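So the structure is just underneath, and the comments pick up after that.
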Amino acid sequence: MAAHSAVAGVKEYIQAMVDRVSGMKVLVLDTDTKGIISMVFSQSDILKHEVFLTECIDNEAFFAQDGDKIQHMSAICLLRPTNKNFLSLARELKSPKYNEYHLFFTNVVPHHRLEQLAGCDNHEVVQQVQEFFADIFAI
């Protein structure tokens with residue numbers, strides 16, 4: 001019963017996260033959150049919420065090159081609050097690939113990390129920052 005509750009809770013968090021953003025979306029994940037999502041959603045389930053692309057911020061190919069902008073999509077980032085993810089996200093915000101960014105972290109974010117990200121958001125693309133406590137693999 002407890003496992004079912006964890007699956008339902010994580011699924012509810014993810015649904016709320018993607019439904020807060022209208023229009024075409026890309027889901028930006030890290031290696032861990034990709035595993036968290038895949039435990040509760042199939043690819044066809046996530047498509048029902050207008051998520052047409054998933055990308056992994058851990059992949060060097062993720063970062064925008066000149067001409068690789070996808071301005072008609074909004075990015076929903078579900079990331080663990082790790083040093084590596086903050087550095088990668090700061091790099092992305094300096095040269096944003098997407099129209100807007102909705103940041104969701106799976107645990108508590110230190111205040112100095114929020115300040116760091118705000119300093120990198122020169123294009124003012126970050127629309128919201130939330131802490132969704134879903135730092136578990138629900139099985």
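As shown in the structure tokens, the chain order sets the letters A, B, ...; within each chain, residues go from 1, and ligands are also counted from 1 in the order they appear.
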
* Asked: Quick one: residues within 12 Å of segment 79-86 of chain A, only C-alpha atoms counted, chain neighbours fewer than 5 positions away excluded, as a ChimeraX atom specification?
  -> /A:27-37,55-59,91-93,102-118,120,129-136

Report as a PyMOL selection string all protein, DNA and RNA residues lying within 12 Å of Phe41 of chain A, evaluated on only C-alpha atoms, omitting residues in the same chain fewer than 2 positions from it. chain A and resi 7-8+10-15+33-39+43-49+51+138-139

What are the DSSP strand (DSSP E) residues of segment 43-128 of chain A, as a PyMOL selection string?
chain A and resi 51-56+70-79+98-105+126-128

List every residue of chain A that DSSP, applied to the backbone of this structure, assigns to alpha helix (DSSP H), and report them as a count of residues only.
55

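Interatomic distance, atom CA of Gly23 of chain A to atom CA of Gly119 of chain A: 27.1 Å.
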
*asked:* For a test of reading the model, state the distance in Å between atom CA of Val126 of chain A and atom CA of Ala75 of chain A, rounded to one decimal.
replied: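 For atom CA of Val126 of chain A relative to atom CA of Ala75 of chain A, the distance reads 9.4 Å.
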
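For the pair atom CA of Asn122 of chain A and atom CA of Glu100 of chain A, the interatomic distance is 12.3 Å.
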